[in-house]
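> So that you have it, the file is target32.cif, and it contains mmCIF, C-alpha atoms and all ligand atoms:
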```cif
data_final
#
loop_
_atom_site.label_atom_id
_atom_site.label_comp_id
_atom_site.auth_asym_id
_atom_site.auth_seq_id
_atom_site.Cartn_x
_atom_site.Cartn_y
_atom_site.Cartn_z
CA MET A 1 -96.88 -96.76 -16.71
CA ALA A 2 -97.62 -98.61 -19.96
CA LEU A 3 -95.83 -97.12 -22.92
CA PHE A 4 -99.03 -96.28 -24.75
CA ASP A 5 -100.45 -94.47 -21.72
CA ARG A 6 -97.24 -92.56 -21.54
CA PHE A 7 -97.69 -91.67 -25.20
CA LYS A 8 -101.19 -90.33 -24.55
CA LYS A 9 -99.99 -88.40 -21.54
CA SER A 10 -96.96 -87.00 -23.32
CA THR A 11 -99.03 -85.62 -26.16
CA THR A 12 -101.75 -83.94 -24.16
CA HIS A 13 -99.87 -80.65 -24.02
CA ALA A 14 -99.76 -80.32 -27.82
CA ASP A 15 -101.98 -77.35 -28.44
CA PRO A 16 -101.90 -76.05 -32.01
CA SER A 17 -103.29 -72.70 -30.88
CA GLN A 18 -100.17 -72.17 -28.79
CA ALA A 19 -97.87 -72.50 -31.76
CA THR A 20 -95.59 -69.60 -32.46
CA GLU A 21 -95.59 -68.20 -35.98
CA SER A 22 -92.25 -69.78 -36.77
CA SER A 23 -93.29 -73.19 -35.52
CA ARG A 24 -96.71 -73.27 -37.10
CA PRO A 25 -96.93 -75.99 -39.70
CA GLY A 26 -98.32 -75.09 -43.12
CA GLN A 27 -101.79 -75.82 -44.39
CA PRO A 28 -103.38 -79.19 -43.61
CA PRO A 29 -102.18 -81.81 -46.03
CA ALA A 30 -103.97 -82.22 -49.32
CA SER A 31 -105.47 -85.62 -49.93
CA PRO A 32 -102.96 -88.12 -51.26
CA SER A 33 -104.81 -88.21 -54.57
CA ASP A 34 -103.92 -84.63 -55.43
CA GLN A 35 -100.29 -84.96 -54.47
CA GLY A 36 -99.03 -85.72 -57.98
CA GLY A 37 -100.15 -82.70 -60.00
CA GLY A 38 -99.33 -80.13 -57.34
CA LEU A 39 -95.96 -81.64 -56.69
CA ILE A 40 -94.96 -81.76 -60.34
CA ALA A 41 -95.93 -78.11 -60.75
CA ARG A 42 -93.92 -77.22 -57.64
CA PHE A 43 -91.00 -79.24 -58.90
CA ARG A 44 -90.91 -77.32 -62.17
CA GLN A 45 -91.56 -74.02 -60.45
CA GLY A 46 -88.77 -74.72 -57.96
CA LEU A 47 -86.31 -75.24 -60.77
CA LYS A 48 -87.53 -72.35 -62.90
CA LYS A 49 -84.59 -70.09 -62.12
CA THR A 50 -82.25 -72.81 -63.23
CA SER A 51 -84.15 -73.77 -66.36
CA ASP A 52 -84.38 -70.11 -67.36
CA LEU A 53 -80.63 -69.77 -67.07
CA LEU A 54 -79.84 -72.98 -68.87
CA ASN A 55 -82.37 -72.60 -71.65
CA THR A 56 -82.61 -68.87 -72.23
CA ASP A 57 -79.01 -67.89 -71.63
CA ILE A 58 -77.54 -70.79 -73.55
CA ARG A 59 -80.04 -70.17 -76.35
CA ASP A 60 -78.90 -66.54 -76.49
CA LEU A 61 -75.33 -67.71 -77.02
CA PHE A 62 -76.25 -69.49 -80.21
CA LYS A 63 -77.45 -68.22 -83.55
CA ARG A 64 -80.22 -70.14 -85.30
CA GLU A 65 -77.83 -71.58 -87.89
CA GLY A 66 -75.39 -72.68 -85.20
CA GLN A 67 -72.29 -71.22 -83.63
CA LEU A 68 -68.55 -71.77 -83.79
CA VAL A 69 -67.35 -73.32 -80.56
CA ASP A 70 -64.27 -71.30 -79.67
CA ASP A 71 -62.65 -70.18 -76.39
CA GLN A 72 -64.91 -67.14 -76.14
CA LEU A 73 -68.07 -69.21 -76.42
CA LEU A 74 -66.73 -71.80 -73.98
CA ASP A 75 -66.00 -69.06 -71.42
CA LYS A 76 -69.50 -67.63 -71.77
CA LEU A 77 -71.00 -71.10 -71.41
CA PHE A 78 -68.92 -71.68 -68.28
CA ALA A 79 -70.20 -68.42 -66.76
CA ILE A 80 -73.83 -69.44 -67.38
CA LEU A 81 -73.27 -72.85 -65.81
CA VAL A 82 -71.67 -71.35 -62.71
CA LYS A 83 -74.70 -69.08 -62.26
CA THR A 84 -76.88 -72.16 -61.63
CA ASP A 85 -74.86 -72.75 -58.41
CA MET A 86 -73.52 -76.05 -59.68
CA GLY A 87 -70.00 -75.03 -58.65
CA GLY A 88 -66.75 -74.50 -60.58
CA GLY A 89 -65.72 -78.17 -60.70
CA PRO A 90 -68.83 -79.49 -62.45
CA ALA A 91 -68.99 -76.41 -64.71
CA SER A 92 -65.35 -77.02 -65.76
CA GLU A 93 -66.12 -80.65 -66.43
CA ILE A 94 -68.96 -79.66 -68.76
CA ARG A 95 -66.81 -77.01 -70.44
CA ASP A 96 -64.05 -79.58 -71.05
CA ARG A 97 -66.49 -82.08 -72.54
CA ILE A 98 -67.92 -79.48 -74.92
CA GLN A 99 -64.40 -78.40 -75.85
CA ASN A 100 -63.33 -81.98 -76.58
CA ASP A 101 -66.43 -82.83 -78.56
CA PHE A 102 -67.08 -79.63 -80.50
CA ARG A 103 -64.14 -77.17 -80.47
CA GLY A 104 -63.55 -75.55 -83.87
CA ARG A 105 -66.86 -76.79 -85.24
CA VAL A 106 -70.08 -74.92 -85.92
CA VAL A 107 -72.72 -76.65 -83.81
CA HIS A 108 -76.39 -76.26 -83.09
CA MET A 109 -77.52 -75.38 -79.59
CA ASP A 110 -79.42 -78.63 -79.13
CA GLU A 111 -76.24 -80.66 -79.52
CA VAL A 112 -74.56 -78.63 -76.82
CA LEU A 113 -77.53 -78.90 -74.47
CA GLU A 114 -77.61 -82.67 -74.91
CA THR A 115 -73.95 -82.85 -73.90
CA VAL A 116 -74.52 -80.59 -70.88
CA LYS A 117 -77.37 -82.85 -69.80
CA ALA A 118 -75.36 -86.03 -70.33
CA VAL A 119 -72.51 -84.76 -68.13
CA LEU A 120 -74.98 -83.66 -65.44
CA ARG A 121 -76.69 -87.04 -65.51
CA ASP A 122 -73.31 -88.76 -65.06
CA LEU A 123 -72.38 -86.48 -62.19
CA MET A 124 -75.65 -86.98 -60.36
CA LYS A 125 -76.20 -90.65 -61.03
CA GLN A 126 -76.96 -92.65 -57.92
CA ASP A 127 -78.18 -96.11 -57.35
CA CYS A 128 -80.18 -96.54 -54.16
CA GLN A 129 -83.51 -97.28 -52.62
CA PRO A 130 -85.42 -94.22 -51.37
CA ILE A 131 -85.37 -95.65 -47.83
CA ALA A 132 -83.57 -98.70 -46.49
CA VAL A 133 -86.41 -100.44 -44.67
CA ALA A 134 -86.08 -103.13 -42.01
CA GLN A 135 -86.63 -106.66 -43.30
CA THR A 136 -89.22 -107.15 -40.60
CA GLY A 137 -90.64 -104.89 -37.94
CA THR A 138 -89.98 -101.23 -37.36
CA THR A 139 -87.69 -99.14 -39.53
CA VAL A 140 -85.92 -96.43 -37.52
CA ILE A 141 -84.93 -93.20 -39.23
CA LEU A 142 -82.78 -90.70 -37.39
CA VAL A 143 -82.92 -87.18 -38.78
CA VAL A 144 -79.97 -84.86 -38.21
CA GLY A 145 -78.53 -81.59 -39.43
CA VAL A 146 -77.27 -78.18 -38.48
CA ASN A 147 -79.58 -75.55 -36.93
CA GLY A 148 -82.60 -74.54 -38.99
CA SER A 149 -81.83 -76.94 -41.81
CA VAL A 150 -85.54 -77.92 -42.00
CA LYS A 151 -85.27 -81.18 -40.06
CA THR A 152 -88.62 -81.05 -38.27
CA THR A 153 -90.65 -80.06 -41.32
CA SER A 154 -88.91 -82.74 -43.39
CA ILE A 155 -89.81 -85.34 -40.74
CA ALA A 156 -93.46 -84.25 -40.95
CA LYS A 157 -93.37 -84.62 -44.74
CA LEU A 158 -91.72 -88.01 -44.56
CA ALA A 159 -94.18 -89.19 -41.93
CA TYR A 160 -97.07 -87.92 -44.03
CA ARG A 161 -95.73 -89.83 -47.00
CA PHE A 162 -95.78 -93.02 -44.91
CA THR A 163 -99.14 -92.45 -43.19
CA SER A 164 -100.78 -91.77 -46.57
CA GLN A 165 -99.48 -95.17 -47.66
CA GLY A 166 -101.33 -96.66 -44.67
CA LYS A 167 -98.18 -97.09 -42.59
CA HIS A 168 -98.12 -96.72 -38.84
CA VAL A 169 -95.65 -94.05 -37.78
CA VAL A 170 -94.25 -93.09 -34.38
CA LEU A 171 -92.33 -89.83 -34.11
CA GLY A 172 -89.70 -89.24 -31.43
CA ALA A 173 -89.39 -85.56 -30.49
CA ALA A 174 -85.77 -85.83 -29.37
CA ASP A 175 -85.02 -82.16 -30.01
CA THR A 176 -85.56 -81.37 -26.34
CA PHE A 177 -83.41 -78.27 -26.64
CA ARG A 178 -86.28 -75.95 -27.54
CA ALA A 179 -89.84 -76.38 -26.24
CA ALA A 180 -91.13 -74.97 -29.53
CA ALA A 181 -89.52 -77.82 -31.45
CA VAL A 182 -91.50 -80.43 -29.50
CA GLN A 183 -94.68 -78.43 -29.96
CA GLN A 184 -94.04 -78.02 -33.68
CA LEU A 185 -93.65 -81.78 -34.16
CA SER A 186 -96.68 -82.52 -31.95
CA ILE A 187 -98.89 -80.33 -34.12
CA TRP A 188 -97.66 -82.04 -37.24
CA ALA A 189 -98.19 -85.48 -35.66
CA GLU A 190 -101.81 -84.67 -34.97
CA ARG A 191 -102.40 -83.39 -38.49
CA ILE A 192 -100.80 -86.27 -40.32
CA GLY A 193 -102.05 -89.05 -38.07
CA ALA A 194 -98.78 -90.16 -36.50
CA GLU A 195 -98.09 -91.03 -32.87
CA ILE A 196 -95.55 -88.97 -31.02
CA VAL A 197 -93.33 -89.51 -28.01
CA THR A 198 -92.05 -86.39 -26.30
CA GLY A 199 -89.96 -85.50 -23.29
CA LYS A 200 -89.66 -82.48 -21.05
CA SER A 201 -87.70 -79.52 -22.34
CA GLY A 202 -84.02 -80.06 -21.56
CA SER A 203 -84.41 -83.79 -20.91
CA ASP A 204 -82.04 -86.38 -22.34
CA PRO A 205 -82.73 -86.82 -26.09
CA ALA A 206 -81.49 -90.42 -25.88
CA SER A 207 -84.23 -91.21 -23.37
CA VAL A 208 -86.90 -89.80 -25.72
CA ALA A 209 -85.42 -91.77 -28.61
CA HIS A 210 -85.42 -94.92 -26.51
CA ARG A 211 -89.05 -94.47 -25.50
CA ALA A 212 -90.06 -93.68 -29.08
CA VAL A 213 -88.48 -96.85 -30.46
CA ALA A 214 -89.87 -98.92 -27.57
CA GLN A 215 -93.34 -97.58 -28.29
CA ALA A 216 -92.95 -98.25 -32.00
CA LEU A 217 -92.00 -101.84 -31.21
CA GLU A 218 -94.84 -102.28 -28.77
CA ARG A 219 -97.36 -100.87 -31.23
CA GLN A 220 -95.76 -102.75 -34.15
CA ALA A 221 -95.30 -99.51 -36.03
CA ASP A 222 -93.77 -99.56 -39.50
CA PHE A 223 -91.62 -96.49 -38.93
CA CYS A 224 -90.11 -94.60 -36.04
CA ILE A 225 -88.68 -91.24 -37.08
CA ILE A 226 -86.54 -89.39 -34.58
CA ASP A 227 -86.07 -85.63 -34.62
CA THR A 228 -82.89 -84.13 -33.16
CA ALA A 229 -81.63 -80.67 -32.25
CA GLY A 230 -79.42 -78.85 -34.74
CA ARG A 231 -75.69 -79.19 -34.09
CA LEU A 232 -72.22 -78.86 -35.58
CA GLN A 233 -69.54 -81.50 -35.59
CA THR A 234 -67.31 -79.15 -33.56
CA GLN A 235 -69.75 -79.29 -30.61
CA VAL A 236 -68.21 -82.31 -28.91
CA ASN A 237 -70.92 -82.74 -26.25
CA LEU A 238 -73.71 -82.59 -28.78
CA MET A 239 -71.97 -85.07 -31.05
CA GLN A 240 -71.57 -87.44 -28.09
CA GLN A 241 -75.26 -86.97 -27.36
CA LEU A 242 -76.06 -88.05 -30.92
CA GLU A 243 -73.83 -91.09 -30.48
CA LYS A 244 -75.80 -91.96 -27.35
CA VAL A 245 -79.07 -91.68 -29.28
CA ARG A 246 -77.70 -94.15 -31.82
CA ARG A 247 -76.56 -96.51 -29.06
CA VAL A 248 -79.87 -96.65 -27.22
CA VAL A 249 -81.75 -97.17 -30.47
CA ALA A 250 -79.40 -100.02 -31.41
CA ASN A 251 -79.96 -101.58 -27.99
CA LEU A 252 -83.59 -102.09 -28.91
CA ILE A 253 -83.11 -102.97 -32.60
CA PRO A 254 -79.53 -104.01 -33.45
CA GLU A 255 -79.73 -102.85 -37.11
CA ALA A 256 -81.21 -99.47 -36.17
CA PRO A 257 -81.08 -96.70 -37.10
CA HIS A 258 -81.69 -98.07 -40.59
CA GLU A 259 -81.22 -94.60 -42.04
CA VAL A 260 -79.53 -91.47 -40.71
CA LEU A 261 -80.84 -88.70 -42.91
CA LEU A 262 -78.96 -85.44 -43.15
CA VAL A 263 -81.28 -82.54 -43.93
CA LEU A 264 -79.71 -79.71 -45.89
CA ASP A 265 -81.14 -76.30 -46.64
CA ALA A 266 -80.64 -75.70 -50.36
CA THR A 267 -80.40 -71.95 -49.68
CA ALA A 268 -77.59 -72.29 -47.09
CA GLY A 269 -74.75 -71.41 -49.48
CA GLN A 270 -71.19 -72.66 -49.51
CA ASN A 271 -70.59 -72.06 -45.81
CA GLY A 272 -73.65 -74.03 -44.83
CA LEU A 273 -72.59 -76.89 -47.05
CA SER A 274 -69.09 -76.98 -45.56
CA GLN A 275 -70.55 -77.15 -42.04
CA ALA A 276 -72.89 -79.92 -43.04
CA GLN A 277 -70.15 -81.86 -44.79
CA GLY A 278 -68.08 -82.20 -41.62
CA PHE A 279 -71.21 -83.02 -39.70
CA SER A 280 -72.34 -85.73 -42.09
CA GLU A 281 -69.01 -87.52 -41.78
CA ALA A 282 -69.05 -87.35 -37.97
CA ALA A 283 -72.66 -88.46 -37.67
CA GLY A 284 -72.48 -91.47 -40.01
CA CYS A 285 -75.23 -90.22 -42.32
CA THR A 286 -76.68 -92.56 -44.96
CA GLY A 287 -78.58 -90.13 -47.15
CA ILE A 288 -79.59 -86.54 -47.76
CA VAL A 289 -82.90 -84.71 -47.78
CA LEU A 290 -82.45 -81.45 -49.66
CA ALA A 291 -85.03 -78.96 -48.41
CA LYS A 292 -86.22 -75.59 -49.76
CA LEU A 293 -85.83 -76.38 -53.44
CA ASP A 294 -88.88 -74.26 -54.01
CA GLY A 295 -87.64 -71.29 -55.89
CA THR A 296 -85.32 -69.43 -53.51
CA ALA A 297 -82.47 -71.80 -54.21
CA LYS A 298 -81.15 -72.54 -57.65
CA GLY A 299 -81.52 -76.20 -58.49
CA GLY A 300 -77.91 -76.45 -59.66
CA VAL A 301 -76.92 -76.55 -55.98
CA ILE A 302 -77.75 -80.25 -55.98
CA VAL A 303 -74.75 -80.94 -58.23
CA PRO A 304 -72.04 -80.05 -55.66
CA ILE A 305 -74.14 -81.79 -53.02
CA ARG A 306 -74.10 -84.99 -55.05
CA THR A 307 -70.39 -84.68 -55.80
CA ARG A 308 -69.11 -83.36 -52.44
CA PHE A 309 -71.08 -85.49 -50.00
CA GLN A 310 -70.47 -89.14 -50.69
CA LEU A 311 -74.16 -89.72 -49.99
CA PRO A 312 -77.26 -90.28 -52.12
CA VAL A 313 -79.92 -87.58 -52.16
CA LYS A 314 -83.06 -89.45 -51.11
CA PHE A 315 -85.73 -86.76 -51.04
CA ILE A 316 -86.17 -83.15 -52.04
CA GLY A 317 -88.38 -80.65 -50.22
CA LEU A 318 -90.41 -78.35 -52.43
CA GLY A 319 -92.38 -76.21 -50.00
CA GLU A 320 -93.81 -76.04 -46.51
CA ARG A 321 -96.82 -78.34 -46.90
CA ALA A 322 -96.83 -81.96 -45.74
CA GLU A 323 -97.11 -83.23 -49.30
CA ASP A 324 -94.21 -81.12 -50.63
CA LEU A 325 -91.64 -83.89 -50.61
CA ALA A 326 -90.55 -85.84 -53.67
CA VAL A 327 -88.31 -88.86 -54.08
CA PHE A 328 -85.15 -87.62 -55.75
CA ASP A 329 -84.69 -89.04 -59.21
CA SER A 330 -81.52 -87.72 -60.83
CA ALA A 331 -82.63 -88.20 -64.44
CA LYS A 332 -85.96 -86.44 -63.83
CA PHE A 333 -84.15 -83.72 -61.97
CA VAL A 334 -81.79 -83.02 -64.87
CA ASP A 335 -84.78 -82.83 -67.22
CA ALA A 336 -86.53 -80.41 -64.87
CA MET A 337 -83.38 -78.28 -64.67
CA PHE A 338 -83.92 -77.73 -68.39
CA GLY A 339 -87.63 -77.06 -67.90
CA GLU A 340 -88.73 -80.31 -69.47
CA GLN A 341 -92.12 -81.78 -68.69
CA GLN A 342 -92.29 -84.30 -65.88
CA GLU A 343 -94.72 -87.02 -66.75
CA SER A 344 -95.08 -88.69 -63.41
CA ASP A 345 -93.89 -88.38 -59.91
CA SER A 346 -93.02 -91.05 -57.41
N1 LIG B 401 -89.05 -72.04 -48.23
C1 LIG B 401 -89.24 -73.17 -47.53
N2 LIG B 401 -89.27 -73.09 -46.21
C2 LIG B 401 -89.44 -74.23 -45.50
C3 LIG B 401 -89.60 -75.48 -46.15
N3 LIG B 401 -89.77 -76.42 -45.20
C4 LIG B 401 -89.72 -75.78 -44.01
N4 LIG B 401 -89.53 -74.46 -44.18
C5 LIG B 401 -89.39 -73.44 -43.11
O1 LIG B 401 -88.03 -73.48 -42.66
C6 LIG B 401 -87.96 -73.14 -41.27
C7 LIG B 401 -87.12 -74.14 -40.49
O2 LIG B 401 -87.74 -75.39 -40.53
P1 LIG B 401 -87.66 -76.47 -39.36
O3 LIG B 401 -88.26 -77.72 -39.89
O4 LIG B 401 -88.23 -75.93 -38.10
O5 LIG B 401 -86.08 -76.62 -39.21
P2 LIG B 401 -85.23 -77.35 -38.07
O6 LIG B 401 -84.82 -76.31 -37.10
O7 LIG B 401 -84.05 -77.93 -38.80
O8 LIG B 401 -86.09 -78.41 -37.48
C8 LIG B 401 -89.39 -73.07 -40.78
O9 LIG B 401 -89.75 -71.72 -40.69
C9 LIG B 401 -90.17 -73.78 -41.86
O10 LIG B 401 -91.50 -73.31 -41.96
C10 LIG B 401 -89.55 -75.52 -47.59
O11 LIG B 401 -89.62 -76.57 -48.25
N5 LIG B 401 -89.37 -74.33 -48.20
MG MG B 402 -86.52 -78.75 -35.51
#
```
Starting from the file, lay out its structure as structure tokens.

Amino acid sequence: MALFDRFKKSTTHADPSQATESSRPGQPPASPSDQGGGLIARFRQGLKKTSDLLNTDIRDLFKREGQLVDDQLLDKLFAILVKTDMGGGPASEIRDRIQNDFRGRVVHMDEVLETVKAVLRDLMKQDCQPIAVAQTGTTVILVVGVNGSVKTTSIAKLAYRFTSQGKHVVLGAADTFRAAAVQQLSIWAERIGAEIVTGKSGSDPASVAHRAVAQALERQADFCIIDTAGRLQTQVNLMQQLEKVRRVVANLIPEAPHEVLLVLDATAGQNGLSQAQGFSEAAGCTGIVLAKLDGTAKGGVIVPIRTRFQLPVKFIGLGERAEDLAVFDSAKFVDAMFGEQQESDS
């Protein structure tokens, strides 16, 4: 059977009305033209908890005429910083910098805030392209993570980003572990105008990945994005399965996958991060998508993610709609952590 016919056949069972509540994608995407404003508002809203802490609480520490920087003030500042979920290490680093620069002096709050921001910018600095694209032909992106880390929704958002730029996208539904996962991605594919390759529930994910990349090549697609089931690095069989997915993809395109994106749930807490850290090392990840930065999580959580995972954060997820994905820009992010206006979004 021709690959494209197989594609048509494999997608015929995607019936949005059959979606379970938990697998139902959000509202249909807004038009690309109204992405900017909504996204900027969501970005600021998502970081509101953090900016309230940093601005209001630090402001409360200082009198109008300035404040003596002594041990007591440094301890209070440290406590505020830790509340943003940035972690003890980065908070200590900021405390030390303030101590070195200002201890024993009466300083104005703005000076202190500038130093806090400068240290955060240094900690989060990264130098990378949003996505490493193939020089020619199809770029393959493998998306991995622990259970429920928002992989499938992040794939939909990423695919929507590409289709709205006029790119041709093929999705590979290689999470064959749960039937609902395939259905969830199929519904998204239809809404965002991407092709999808699926397999039967329980079938070999590597075979779905292989067919997806083959179809992308045949159709000269710009991107092939492959979904995978959630797993931990301690699950030896599942890690081997992921290795097989990588192998079959590389058989078709030697440089592929061009990106292995680790999706993290910003609300997962320390335990979730530790699990994902081991996983990211075992799975050879190249970048992070940090999902659910839409108000539940405190934005400071990105600081330990930048410092603990030796990986760039490529995108941040700001909600459940297809357009709720922004390219991560560390300088803009630091400004937004302090509630400062974002002028433009990429
Ligand atoms: N709060 C919030 N929830 C999200 C966001 N993106 C996805 N979700 C929800 O998170 C849950 C898990 O997402 P899913 O993509 O299925 O995760 P997967 O199991 O890793 O593929 C679903 O109920 C989604 O609707 C987001 O940006 N913010
Ligand atoms: Mg999924």
> Under the rule that all atoms listed in the file are counted, which of A:Leu171, A:Ala229, A:Leu61, A:Ala282 is the nearest residue to Ser186 of chain A?
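For Ser186 of chain A, the nearest of the given residues is A:Leu171.
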> Within 6 Å of ligand MG 402 (chain B), which residues show up when you count all atoms listed in the file? List them as a ChimeraX atom specification, please.
/A:151-152,181
> What do you get as JSON, numbers by chain if you pick all residues at most 7 Å from ligand LIG 401 (chain B), counting only C-alpha atoms and all ligand atoms?
{"A": [22, 23, 25, 145, 146, 147, 148, 149, 150, 151, 152, 153, 154, 181, 230, 291, 292, 293, 294, 296, 317, 318, 319, 320, 324]}
> Can you tell me which residues surround Val143 of chain A at a distance of at most 12 Å, considering all atoms listed in the file, apart from same-chain residues fewer than 6 positions away, and format the answer as a ChimeraX atom specification?
/A:149-156,158-159,171-175,209,224-231,242,245-246,257-264,280,283-289
> When you look at Gln241 of chain A with a cut-off of 9 Å (counting only C-alpha atoms), what residues show up, excluding the ones that are within fewer than 5 positions of it in the same chain? I need them as a PyMOL selection string.
chain A and resi 204-206+236+246
> How many Å separate atom CA of Asp75 of chain A from atom CA of Pro304 of chain A?
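Separation between atom CA of Asp75 of chain A and atom CA of Pro304 of chain A: 20.1 Å.
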> Please work out which residues fall within 9 Å of (-99.9, -83.4, -38.4), coordinates as given in the file, with all atoms listed in the file counting, and return them as a VMD selection string.
chain A and resid 25 28 to 29 156 159 to 160 185 to 194 322
> For Phe279 of chain A, find every residue with an atom within 7 Å (counting only C-alpha atoms), except residues of its own chain fewer than 4 positions away, and show them as a list in words.
Leu232, Gln233, Gln275 and Ala283 of chain A
> Find the distance between atom CA of Leu73 of chain A and atom CA of Leu53 of chain A and write it in Å to one decimal.
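The value is 15.7 Å.
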> So how far away is atom CA of Ile302 of chain A from atom CA of Arg42 of chain A, in Å?
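We find that atom CA of Arg42 of chain A and atom CA of Ile302 of chain A lie 16.5 Å from each other.
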> Nearest to Ala266 of chain A among A:Glu323, A:Asp85, A:Asp60, A:Asp71, with distances taken over only C-alpha atoms: which residue is it?
A:Asp85
> Which protein, DNA or RNA residues are at most 8 Å from (-74.5, -72.0, -55.2) in the file's coordinates when you count all atoms listed in the file, listed as a PyMOL selection string?
chain A and resi 83-87+269-270+298+300-301
